[in-house]
Every structure is written in structure tokens, then in C-alpha cells.
Amino acid sequence: MSHGGSIMTDTSKFKSVGLDVKSYDKLIKICDHQRRNIRQQLGLFIDQEFDKEEYNKYKSKVTSLGLGAINSIHTRD
């Protein structure tokens, strides 16, 4: 999708998040060591955390779309 010569991100598939510089620098080191890009590394961290039993009550409301990508039904319990 193009707008004014720049490429627009599909917001139905990708979201932006803010990260402080100190954490970002640590993340870059982890990514380099693991040979993953930032999206892949964050996705892996999120998937590993979400696989824990304590998140079972939310899993029926989330559909996995691949490494770290989730499509959530936005409801509050």
C-alpha cells in the first residue's frame, strides 16, 4: 500500500511498540547472537511466555499466525 511515495504498513498485520533505548540495545545484542531480526526475536519471546500454563484462559481467544504473530479478539475478562 503506497501513500505519497512511502510504503504504509498493514496495521491489520503489524503493530508498533515503544521500547526504551537500554532495552533496545540489549535486544539487538540478543538478536545478533541468535541470528534473528527484531520481529522474529520478540515473537519468539512472546510465544515462549504465552505457552506457559498461566495463559491457558486466554488461548481460546487468540489465533496464532506464525512466529510471534497473534490475532487477538480484544475482550476484557
# chains A, B, ... in the order shown; residues from 1 in each chain; ligands from 1
$ residues_around --residues "Ile30 of chain A" --least-positions-apart "6" --cutoff "12 Å" --atoms "only C-alpha atoms" --output "PyMOL selection string"
chain A and resi 23-24+36-38+40-42+44-45
$ atom_distance --atom1 "atom CA of Asp25 of chain A" --atom2 "atom CA of Thr11 of chain A"
25.4 Å
$ atom_distance --atom1 "atom CA of Ser16 of chain A" --atom2 "atom CA of Glu49 of chain A"
19.4 Å
